[in-house]
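Okay, structure07.tsv now, which holds TSV, C-alpha atoms and all ligand atoms:
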```
chain	number	residue	atom	x	y	z
A	1	MET	CA	-15.95	5.91	-2.22
A	2	ARG	CA	-15.26	7.33	-5.68
A	3	ILE	CA	-12.36	9.79	-5.93
A	4	LYS	CA	-12.30	10.10	-9.71
A	5	ASN	CA	-14.10	8.41	-12.56
A	6	SER	CA	-11.60	5.54	-12.52
A	7	LEU	CA	-10.40	5.61	-8.92
A	8	ALA	CA	-12.11	4.64	-5.68
A	9	VAL	CA	-11.25	3.83	-2.07
A	10	VAL	CA	-13.04	0.57	-1.27
A	11	ALA	CA	-11.71	-0.10	2.24
A	12	SER	CA	-10.25	2.16	4.91
A	13	LEU	CA	-10.38	2.15	8.68
A	14	GLN	CA	-10.15	5.94	8.71
A	15	PHE	CA	-13.04	6.50	6.31
A	16	GLY	CA	-15.10	3.75	7.94
A	17	LEU	CA	-15.12	1.60	4.81
A	18	ALA	CA	-14.99	-2.21	5.19
A	19	GLY	CA	-12.89	-3.39	8.18
A	20	PRO	CA	-11.53	-1.67	11.32
A	21	SER	CA	-7.93	-2.75	10.56
A	22	ASP	CA	-7.93	-1.97	6.85
A	23	CYS	CA	-5.47	0.42	5.23
A	24	HIS	CA	-6.77	2.56	2.39
A	25	VAL	CA	-7.48	0.08	-0.40
A	26	TYR	CA	-7.51	1.86	-3.76
A	27	ALA	CA	-9.30	0.49	-6.84
A	28	LEU	CA	-8.06	1.77	-10.20
A	29	ARG	CA	-9.95	1.01	-13.39
A	30	GLY	CA	-7.73	0.17	-16.36
A	31	PRO	CA	-8.34	-1.00	-19.92
A	32	GLU	CA	-8.28	-4.65	-18.82
A	33	GLY	CA	-10.30	-4.48	-15.62
A	34	VAL	CA	-9.62	-3.14	-12.15
A	35	VAL	CA	-6.41	-3.30	-10.16
A	36	LEU	CA	-6.65	-3.07	-6.37
A	37	ILE	CA	-3.74	-1.49	-4.57
A	38	ASP	CA	-3.50	-3.45	-1.32
A	39	ALA	CA	-6.11	-5.75	0.16
A	40	GLY	CA	-6.89	-4.65	3.71
A	41	ALA	CA	-6.63	-6.96	6.72
A	42	GLY	CA	-9.04	-9.59	5.43
A	43	THR	CA	-11.68	-9.35	8.13
A	44	HIS	CA	-14.16	-7.62	5.79
A	45	SER	CA	-13.15	-8.71	2.28
A	46	HIS	CA	-16.78	-9.37	1.36
A	47	GLU	CA	-17.66	-5.76	2.19
A	48	LEU	CA	-14.58	-4.51	0.32
A	49	LEU	CA	-15.71	-6.35	-2.81
A	50	HIS	CA	-19.24	-5.05	-2.38
A	51	ASN	CA	-17.85	-1.48	-2.25
A	52	LEU	CA	-15.81	-2.20	-5.37
A	53	ARG	CA	-18.88	-3.38	-7.28
A	54	SER	CA	-20.90	-0.34	-6.32
A	55	ASP	CA	-18.10	2.21	-6.92
A	56	LEU	CA	-16.90	0.80	-10.25
A	57	PRO	CA	-19.91	-1.17	-11.53
A	58	GLY	CA	-19.51	-3.68	-14.33
A	59	CYS	CA	-15.75	-3.98	-13.87
A	60	THR	CA	-13.82	-7.18	-13.30
A	61	LEU	CA	-11.10	-7.26	-10.69
A	62	THR	CA	-8.13	-8.68	-12.55
A	63	ALA	CA	-5.15	-7.76	-10.37
A	64	LEU	CA	-4.21	-7.10	-6.75
A	65	LEU	CA	-1.00	-5.14	-6.28
A	66	LEU	CA	0.53	-5.20	-2.81
A	67	THR	CA	2.80	-2.49	-1.39
A	68	HIS	CA	4.16	-4.61	1.49
A	69	ALA	CA	3.33	-7.57	3.71
A	70	HIS	CA	1.93	-5.86	6.81
A	71	MET	CA	-1.39	-7.29	7.97
A	72	ASP	CA	-3.50	-4.18	7.29
A	73	HIS	CA	-2.33	-4.20	3.65
A	74	CYS	CA	-2.02	-7.88	2.74
A	75	GLY	CA	-4.19	-9.85	5.19
A	76	GLY	CA	-7.08	-9.87	2.71
A	77	ALA	CA	-5.03	-11.02	-0.27
A	78	ALA	CA	-5.96	-14.70	0.02
A	79	SER	CA	-9.69	-14.08	0.39
A	80	VAL	CA	-9.82	-11.52	-2.41
A	81	ARG	CA	-7.87	-13.81	-4.74
A	82	GLU	CA	-10.09	-16.76	-3.87
A	83	ALA	CA	-13.31	-14.79	-4.38
A	84	THR	CA	-12.33	-13.16	-7.67
A	85	GLY	CA	-9.52	-15.17	-9.27
A	86	CYS	CA	-7.46	-11.99	-9.62
A	87	ALA	CA	-3.70	-12.18	-10.05
A	88	VAL	CA	-1.74	-11.22	-6.94
A	89	ILE	CA	1.28	-9.07	-7.72
A	90	ALA	CA	3.89	-8.43	-5.04
A	91	ALA	CA	7.52	-7.48	-4.77
A	92	VAL	CA	10.14	-10.18	-4.53
A	93	PRO	CA	10.84	-9.60	-0.78
A	94	SER	CA	7.12	-9.90	0.05
A	95	LYS	CA	6.53	-13.15	-1.83
A	96	ALA	CA	7.90	-15.64	0.73
A	97	ILE	CA	6.12	-13.85	3.60
A	98	LEU	CA	2.79	-13.97	1.77
A	99	GLU	CA	3.07	-17.53	0.52
A	100	THR	CA	4.01	-18.97	3.93
A	101	GLY	CA	1.90	-16.61	6.05
A	102	ASP	CA	5.09	-15.75	7.98
A	103	GLU	CA	3.75	-13.79	10.96
A	104	GLU	CA	7.24	-13.03	12.26
A	105	ALA	CA	8.56	-11.54	9.02
A	106	SER	CA	5.28	-9.74	8.35
A	107	GLY	CA	5.51	-8.12	11.77
A	108	LEU	CA	2.12	-9.49	12.81
A	109	ARG	CA	3.35	-11.30	15.93
A	110	VAL	CA	4.91	-8.15	17.34
A	111	ALA	CA	2.02	-5.93	16.23
A	112	ARG	CA	-0.42	-8.31	17.96
A	113	GLU	CA	1.59	-8.04	21.19
A	114	GLN	CA	1.60	-4.26	20.84
A	115	GLY	CA	-2.19	-4.35	20.62
A	116	VAL	CA	-2.29	-3.07	17.05
A	117	TYR	CA	-4.40	-6.07	15.99
A	118	PRO	CA	-6.79	-8.33	17.92
A	119	ALA	CA	-5.21	-11.37	19.63
A	120	ASP	CA	-6.89	-13.78	17.21
A	121	SER	CA	-5.54	-12.09	14.04
A	122	ARG	CA	-3.90	-14.54	11.64
A	123	LEU	CA	-2.14	-14.06	8.32
A	124	THR	CA	-3.65	-16.42	5.74
A	125	PRO	CA	-1.02	-17.57	3.22
A	126	CYS	CA	-1.63	-16.35	-0.32
A	127	PRO	CA	0.01	-17.43	-3.60
A	128	VAL	CA	1.77	-14.68	-5.51
A	129	ASP	CA	1.16	-14.86	-9.26
A	130	LEU	CA	3.65	-12.23	-10.39
A	131	THR	CA	6.67	-10.72	-8.65
A	132	VAL	CA	8.19	-7.33	-9.37
A	133	ARG	CA	11.60	-5.84	-8.68
A	134	ASP	CA	12.96	-2.37	-8.05
A	135	ALA	CA	12.81	-0.13	-11.15
A	136	GLU	CA	10.79	-2.72	-13.06
A	137	THR	CA	7.91	-1.63	-15.28
A	138	PHE	CA	4.94	-3.97	-15.43
A	139	SER	CA	1.26	-4.03	-16.33
A	140	ALA	CA	-1.74	-4.71	-14.07
A	141	ALA	CA	-5.28	-4.57	-15.47
A	142	GLY	CA	-3.70	-2.95	-18.52
A	143	VAL	CA	-2.26	-0.12	-16.41
A	144	GLU	CA	1.49	0.39	-16.60
A	145	PHE	CA	3.34	0.81	-13.29
A	146	THR	CA	6.97	1.34	-12.33
A	147	ALA	CA	8.14	-0.19	-9.04
A	148	PHE	CA	10.31	1.58	-6.46
A	149	HIS	CA	11.78	-0.41	-3.57
A	150	VAL	CA	11.94	2.03	-0.64
A	151	ARG	CA	13.02	0.46	2.64
A	152	GLY	CA	12.47	2.24	5.95
A	153	HIS	CA	8.87	1.47	6.91
A	154	SER	CA	9.54	-2.22	6.29
A	155	PRO	CA	12.25	-4.12	4.41
A	156	ASP	CA	9.79	-5.11	1.67
A	157	SER	CA	8.03	-1.76	1.07
A	158	PHE	CA	7.42	-0.77	-2.54
A	159	CYS	CA	5.85	2.29	-4.17
A	160	TYR	CA	4.18	2.13	-7.57
A	161	LEU	CA	4.16	4.98	-10.08
A	162	THR	CA	1.62	5.19	-12.88
A	163	ARG	CA	0.16	7.84	-15.18
A	164	PHE	CA	-3.47	8.81	-15.14
A	165	SER	CA	-4.45	11.01	-18.10
A	166	GLY	CA	-0.78	11.94	-18.34
A	167	SER	CA	-0.55	12.87	-14.66
A	168	PRO	CA	1.95	10.92	-12.52
A	169	TRP	CA	0.32	9.14	-9.60
A	170	LEU	CA	2.22	7.36	-6.84
A	171	PHE	CA	0.71	4.66	-4.64
A	172	CYS	CA	3.18	4.74	-1.79
A	173	GLY	CA	1.90	2.31	0.86
A	174	ASP	CA	3.26	3.27	4.28
A	175	VAL	CA	6.53	4.76	2.98
A	176	VAL	CA	5.48	8.44	2.99
A	177	PHE	CA	2.33	10.20	4.14
A	178	TYR	CA	0.74	13.56	3.45
A	179	GLY	CA	2.93	16.38	4.74
A	180	GLY	CA	6.12	14.39	4.28
A	181	VAL	CA	5.50	12.21	7.34
A	182	LEU	CA	7.65	9.07	7.37
A	183	GLY	CA	6.42	5.58	8.23
A	184	VAL	CA	9.06	4.60	10.79
A	185	ILE	CA	7.54	2.26	13.38
A	186	ASN	CA	8.74	0.33	16.43
A	187	ALA	CA	9.25	-3.00	14.67
A	188	ALA	CA	12.09	-5.10	13.35
A	189	GLY	CA	13.23	-3.94	9.92
A	190	SER	CA	11.86	-0.41	10.29
A	191	GLY	CA	14.26	2.52	10.62
A	192	MET	CA	15.98	5.46	9.06
A	193	SER	CA	18.82	3.58	7.37
A	194	GLY	CA	16.49	2.28	4.66
A	195	TYR	CA	14.99	5.74	4.16
A	196	ARG	CA	18.42	7.36	3.89
A	197	ILE	CA	19.41	5.01	1.10
A	198	ASP	CA	16.15	4.58	-0.81
A	199	LEU	CA	13.89	7.62	-0.34
A	200	PRO	CA	15.83	9.82	-2.82
A	201	LYS	CA	14.51	7.47	-5.54
A	202	LEU	CA	11.18	9.32	-5.16
A	203	GLY	CA	12.74	12.69	-5.98
A	204	GLY	CA	12.11	14.46	-9.28
A	205	LEU	CA	9.19	12.29	-10.37
A	206	GLY	CA	6.77	15.19	-10.79
A	207	VAL	CA	4.12	13.30	-8.85
A	208	GLU	CA	0.65	14.86	-8.81
A	209	GLY	CA	-1.59	12.20	-7.24
A	210	LEU	CA	-0.14	10.85	-3.99
A	211	PHE	CA	-2.00	7.93	-2.46
A	212	PRO	CA	-0.64	6.63	0.86
A	213	GLY	CA	-1.99	3.67	2.80
A	214	HIS	CA	-3.37	5.89	5.59
A	215	GLY	CA	-4.36	9.49	6.19
A	216	LEU	CA	-4.88	12.17	3.59
A	217	PHE	CA	-4.28	11.65	-0.09
A	218	THR	CA	-4.12	14.28	-2.80
A	219	LEU	CA	-4.76	14.52	-6.53
A	220	ARG	CA	-2.43	17.47	-7.01
A	221	GLY	CA	1.07	18.49	-5.92
A	222	GLY	CA	2.05	15.14	-4.43
A	223	GLN	CA	5.71	15.71	-5.19
A	224	CYS	CA	6.00	18.46	-2.56
A	225	HIS	CA	5.12	15.92	0.16
A	226	LEU	CA	7.75	13.54	-1.18
A	227	ASP	CA	10.33	16.31	-1.38
A	228	ARG	CA	9.62	17.35	2.19
A	229	ALA	CA	10.18	13.78	3.36
A	230	ILE	CA	13.43	13.56	1.38
A	231	ALA	CA	14.61	16.81	3.00
A	232	GLU	CA	13.78	15.45	6.48
A	233	VAL	CA	15.80	12.32	5.83
A	234	ARG	CA	18.87	14.43	5.08
A	235	LYS	CA	18.75	16.10	8.52
A	236	GLY	CA	20.59	14.87	11.59
A	237	PHE	CA	17.47	14.37	13.70
A	238	LEU	CA	14.24	12.51	13.15
A	239	GLY	CA	11.47	14.37	11.35
A	240	PRO	CA	7.74	13.75	11.71
A	241	GLN	CA	6.90	10.06	12.03
A	242	ILE	CA	3.62	8.24	11.60
A	243	GLY	CA	3.08	7.45	15.31
A	244	GLN	CA	3.56	11.10	16.31
A	245	GLU	CA	0.92	12.16	13.85
A	246	GLY	CA	-1.60	9.58	15.05
A	247	LEU	CA	-2.19	8.60	11.46
A	248	THR	CA	-3.08	4.95	11.68
A	249	PHE	CA	-5.21	3.36	14.37
B	1	ZN	ZN	2.80	-1.01	6.98
```

As structure tokens, the full file:
Amino acid sequence: MRIKNSLAVVASLQFGLAGPSDCHVYALRGPEGVVLIDAGAGTHSHELLHNLRSDLPGCTLTALLLTHAHMDHCGGAASVREATGCAVIAAVPSKAILETGDEEASGLRVAREQGVYPADSRLTPCPVDLTVRDAETFSAAGVEFTAFHVRGHSPDSFCYLTRFSGSPWLFCGDVVFYGGVLGVINAAGSGMSGYRIDLPKLGGLGVEGLFPGHGLFTLRGGQCHLDRAIAEVRKGFLGPQIGQEGLTF
């Protein structure tokens, strides 16, 4: 599903693209190919790649950039890498989870018990070709990104800022959603303490395009959603959370 000339959503449970457990998987065309942001759950990687070919024809997938190691975002990493030879880029805290297929650290075991995923869901280990750290600037498919480590949804959650025609775009995984909704979930490693410390990093970025892993995205005025979330985190009581909004499954 094309959003702009160089941006498409190629998997998404909510838009009915590819698999029923897939987050929004964004495909961004750069000067050196396409970079995927997240990989979906891996049950429908073939369909994801078919969507990519039809949305951005003639492009080569050169990089896969992961926001965190939850199943709906990273489960397809191994199959996408194997099918395309793309380089998998992940943050340092995600690397060990991905490379060992650690279902405890990824949260998959608990999420399976909670009924979020089918009982036969498995996390296929995937090599990580490049790791990134907080505040690091790096290139994927010739697109320059800056990494922001923002704990709260999960200990390994990262957001990635880039510029598209001079306009700041933020791919924010499950950290923040449209309307300033936070991604706190009932799982180990998720909670407000990470948000209190790290979310202010997303202040003052002048973000226009805001592209979360679920729900609405926007091409304009993304910073106001980030600022609302930052304001909520400063209050003494919990603000809107992803489960309350029914944003995911
Ligand atoms: Zn997540």

Within 8 Å of ligand ZN 1 (chain B) (counting only C-alpha atoms and all ligand atoms), which residues show up? I'd like them as a PDB file with C-alpha atoms, keeping the file's coordinate frame.
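Output file result.pdb follows:
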```
ATOM      1  CA  HIS A  68       4.160  -4.610   1.490  1.00  0.00           C
ATOM      2  CA  ALA A  69       3.330  -7.570   3.710  1.00  0.00           C
ATOM      3  CA  HIS A  70       1.930  -5.860   6.810  1.00  0.00           C
ATOM      4  CA  MET A  71      -1.390  -7.290   7.970  1.00  0.00           C
ATOM      5  CA  ASP A  72      -3.500  -4.180   7.290  1.00  0.00           C
ATOM      6  CA  HIS A  73      -2.330  -4.200   3.650  1.00  0.00           C
ATOM      7  CA  HIS A 153       8.870   1.470   6.910  1.00  0.00           C
ATOM      8  CA  SER A 154       9.540  -2.220   6.290  1.00  0.00           C
ATOM      9  CA  SER A 157       8.030  -1.760   1.070  1.00  0.00           C
ATOM     10  CA  GLY A 173       1.900   2.310   0.860  1.00  0.00           C
ATOM     11  CA  ASP A 174       3.260   3.270   4.280  1.00  0.00           C
ATOM     12  CA  VAL A 175       6.530   4.760   2.980  1.00  0.00           C
ATOM     13  CA  GLY A 183       6.420   5.580   8.230  1.00  0.00           C
ATOM     14  CA  GLY A 213      -1.990   3.670   2.800  1.00  0.00           C
TER      15      GLY A 213
END
```

**Report entry** CA of Thr162 in chain A to CA of Lys95 in chain A, distance in Å rounded to a single decimal
**Finding:**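 These two atoms are separated by 22.0 Å.
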
Query raised in the report: Quick one: of A:Gly142, A:Gly152, A:Pro127, A:Gly243, who's nearest to Ala87 in chain A, counting all atoms listed in the file?
Result: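 Smallest separation from Ala87 in chain A among the options: A:Pro127.
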
Query raised in the report: Can you tell me, as a ChimeraX atom specification, what residues are no more than 10 Å from range 1-3 of chain A when counting only C-alpha atoms, ignoring any on the same chain fewer than 5 positions away?
Result: /A:8-12,15,17,26-27,51-52,54-56,218-219

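If you look at CA of Thr100 in chain A and CA of Thr124 in chain A, they are 8.3 Å away from each other.
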
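Going from CA of Val116 in chain A to CA of His24 in chain A covers 16.3 Å.
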
Report task. Kindly indicate which residue among A:Ala41, A:Leu65, A:Leu108, A:Cys172 lies nearest to Val128 in chain A, using only C-alpha atoms for the distances. Result -> A:Leu65

**Report entry** Cut-off 12 Å around (18.5, 4.3, 10.8) with only C-alpha atoms: residues as a list in words
**Finding:**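 Collected hits near the coordinates: Arg151, Gly152, His153, Ser154, Val184, Ile185, Asn186, Ala188, Gly189, Ser190, Gly191, Met192, Ser193, Gly194, Tyr195, Arg196, Ile197, Asp198, Val233, Arg234, Gly236, Phe237 and Leu238 of chain A.
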
Same residues, C-alpha atoms, output as a compact mmCIF listing (two decimals), keeping the file's coordinate frame:
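Result saved to result13.txt:
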```txt
# COMPACT_ATOMS: atom_id res chain seq x y z
CA ARG A 151 13.02 0.46 2.64
CA GLY A 152 12.47 2.24 5.95
CA HIS A 153 8.87 1.47 6.91
CA SER A 154 9.54 -2.22 6.29
CA VAL A 184 9.06 4.60 10.79
CA ILE A 185 7.54 2.26 13.38
CA ASN A 186 8.74 0.33 16.43
CA ALA A 188 12.09 -5.10 13.35
CA GLY A 189 13.23 -3.94 9.92
CA SER A 190 11.86 -0.41 10.29
CA GLY A 191 14.26 2.52 10.62
CA MET A 192 15.98 5.46 9.06
CA SER A 193 18.82 3.58 7.37
CA GLY A 194 16.49 2.28 4.66
CA TYR A 195 14.99 5.74 4.16
CA ARG A 196 18.42 7.36 3.89
CA ILE A 197 19.41 5.01 1.10
CA ASP A 198 16.15 4.58 -0.81
CA VAL A 233 15.80 12.32 5.83
CA ARG A 234 18.87 14.43 5.08
CA GLY A 236 20.59 14.87 11.59
CA PHE A 237 17.47 14.37 13.70
CA LEU A 238 14.24 12.51 13.15
```

Query - Distance criterion (only C-alpha atoms): nearest to Asp38 in chain A out of A:Cys59, A:Val80, A:Val92, A:Leu13 - result: A:Val80

Query raised in the report: What residues have an atom no more than 9 Å from (-10.2, -5.6, 4.4) in the file's own frame, counting only C-alpha atoms, and can you write them as a list in words?
Result: Val10, Ala11, Ser12, Leu13, Leu17, Ala18, Gly19, Pro20, Ser21, Asp22, Cys23, Val25, Ala39, Gly40, Ala41, Gly42, Thr43, His44, Ser45, His46, Glu47, Leu48, Asp72, His73, Cys74, Gly75, Gly76 and Ala77 of chain A

Report task. Using only C-alpha atoms, pick whichever of A:Val176, A:Val35, A:Ala78, A:Leu226 has the shortest atom-to-atom distance to Leu61 in chain A. Result -> A:Val35

Since the input has fewer atoms than a full residue there, write range 143-164 of chain A out with N, CA and C atoms, as a short mmCIF file (atom, residue, chain, number, x, y, z; two decimals), keeping the file's coordinate frame.
```cif
data_model
loop_
_atom_site.label_atom_id
_atom_site.label_comp_id
_atom_site.auth_asym_id
_atom_site.auth_seq_id
_atom_site.Cartn_x
_atom_site.Cartn_y
_atom_site.Cartn_z
N VAL A 143 -2.86 -1.37 -16.89
CA VAL A 143 -2.26 -0.12 -16.41
C VAL A 143 -0.76 -0.36 -16.22
N GLU A 144 0.05 0.55 -16.74
CA GLU A 144 1.49 0.39 -16.60
C GLU A 144 1.98 1.06 -15.31
N PHE A 145 2.76 0.31 -14.54
CA PHE A 145 3.34 0.81 -13.29
C PHE A 145 4.86 0.65 -13.33
N THR A 146 5.54 1.53 -12.59
CA THR A 146 6.97 1.34 -12.33
C THR A 146 7.15 1.16 -10.83
N ALA A 147 7.96 0.17 -10.45
CA ALA A 147 8.14 -0.19 -9.04
C ALA A 147 9.36 0.51 -8.45
N PHE A 148 9.21 0.97 -7.21
CA PHE A 148 10.31 1.58 -6.46
C PHE A 148 10.43 0.87 -5.11
N HIS A 149 11.55 0.22 -4.88
CA HIS A 149 11.78 -0.41 -3.57
C HIS A 149 12.31 0.65 -2.62
N VAL A 150 11.54 0.98 -1.60
CA VAL A 150 11.94 2.03 -0.64
C VAL A 150 11.84 1.43 0.76
N ARG A 151 13.00 1.01 1.29
CA ARG A 151 13.02 0.46 2.64
C ARG A 151 12.94 1.58 3.68
N GLY A 152 12.57 1.23 4.88
CA GLY A 152 12.47 2.24 5.95
C GLY A 152 11.24 1.96 6.80
N HIS A 153 10.06 1.91 6.17
CA HIS A 153 8.87 1.47 6.91
C HIS A 153 8.97 -0.03 7.19
N SER A 154 9.29 -0.78 6.16
CA SER A 154 9.54 -2.22 6.29
C SER A 154 10.57 -2.59 5.22
N PRO A 155 11.23 -3.74 5.40
CA PRO A 155 12.25 -4.12 4.41
C PRO A 155 11.67 -4.39 3.03
N ASP A 156 10.37 -4.72 2.96
CA ASP A 156 9.79 -5.11 1.67
C ASP A 156 8.88 -4.03 1.07
N SER A 157 8.96 -2.80 1.54
CA SER A 157 8.03 -1.76 1.07
C SER A 157 8.35 -1.30 -0.35
N PHE A 158 7.31 -1.26 -1.17
CA PHE A 158 7.42 -0.77 -2.54
C PHE A 158 6.39 0.34 -2.79
N CYS A 159 6.77 1.28 -3.66
CA CYS A 159 5.85 2.29 -4.17
C CYS A 159 5.66 2.03 -5.66
N TYR A 160 4.49 2.40 -6.17
CA TYR A 160 4.18 2.13 -7.57
C TYR A 160 3.72 3.41 -8.26
N LEU A 161 4.44 3.76 -9.32
CA LEU A 161 4.16 4.98 -10.08
C LEU A 161 3.40 4.62 -11.35
N THR A 162 2.34 5.38 -11.64
CA THR A 162 1.62 5.19 -12.88
C THR A 162 1.23 6.55 -13.42
N ARG A 163 0.64 6.58 -14.61
CA ARG A 163 0.16 7.84 -15.18
C ARG A 163 -1.33 7.75 -15.40
N PHE A 164 -2.02 8.77 -14.94
CA PHE A 164 -3.47 8.81 -15.14
C PHE A 164 -3.77 10.06 -15.96
#
```
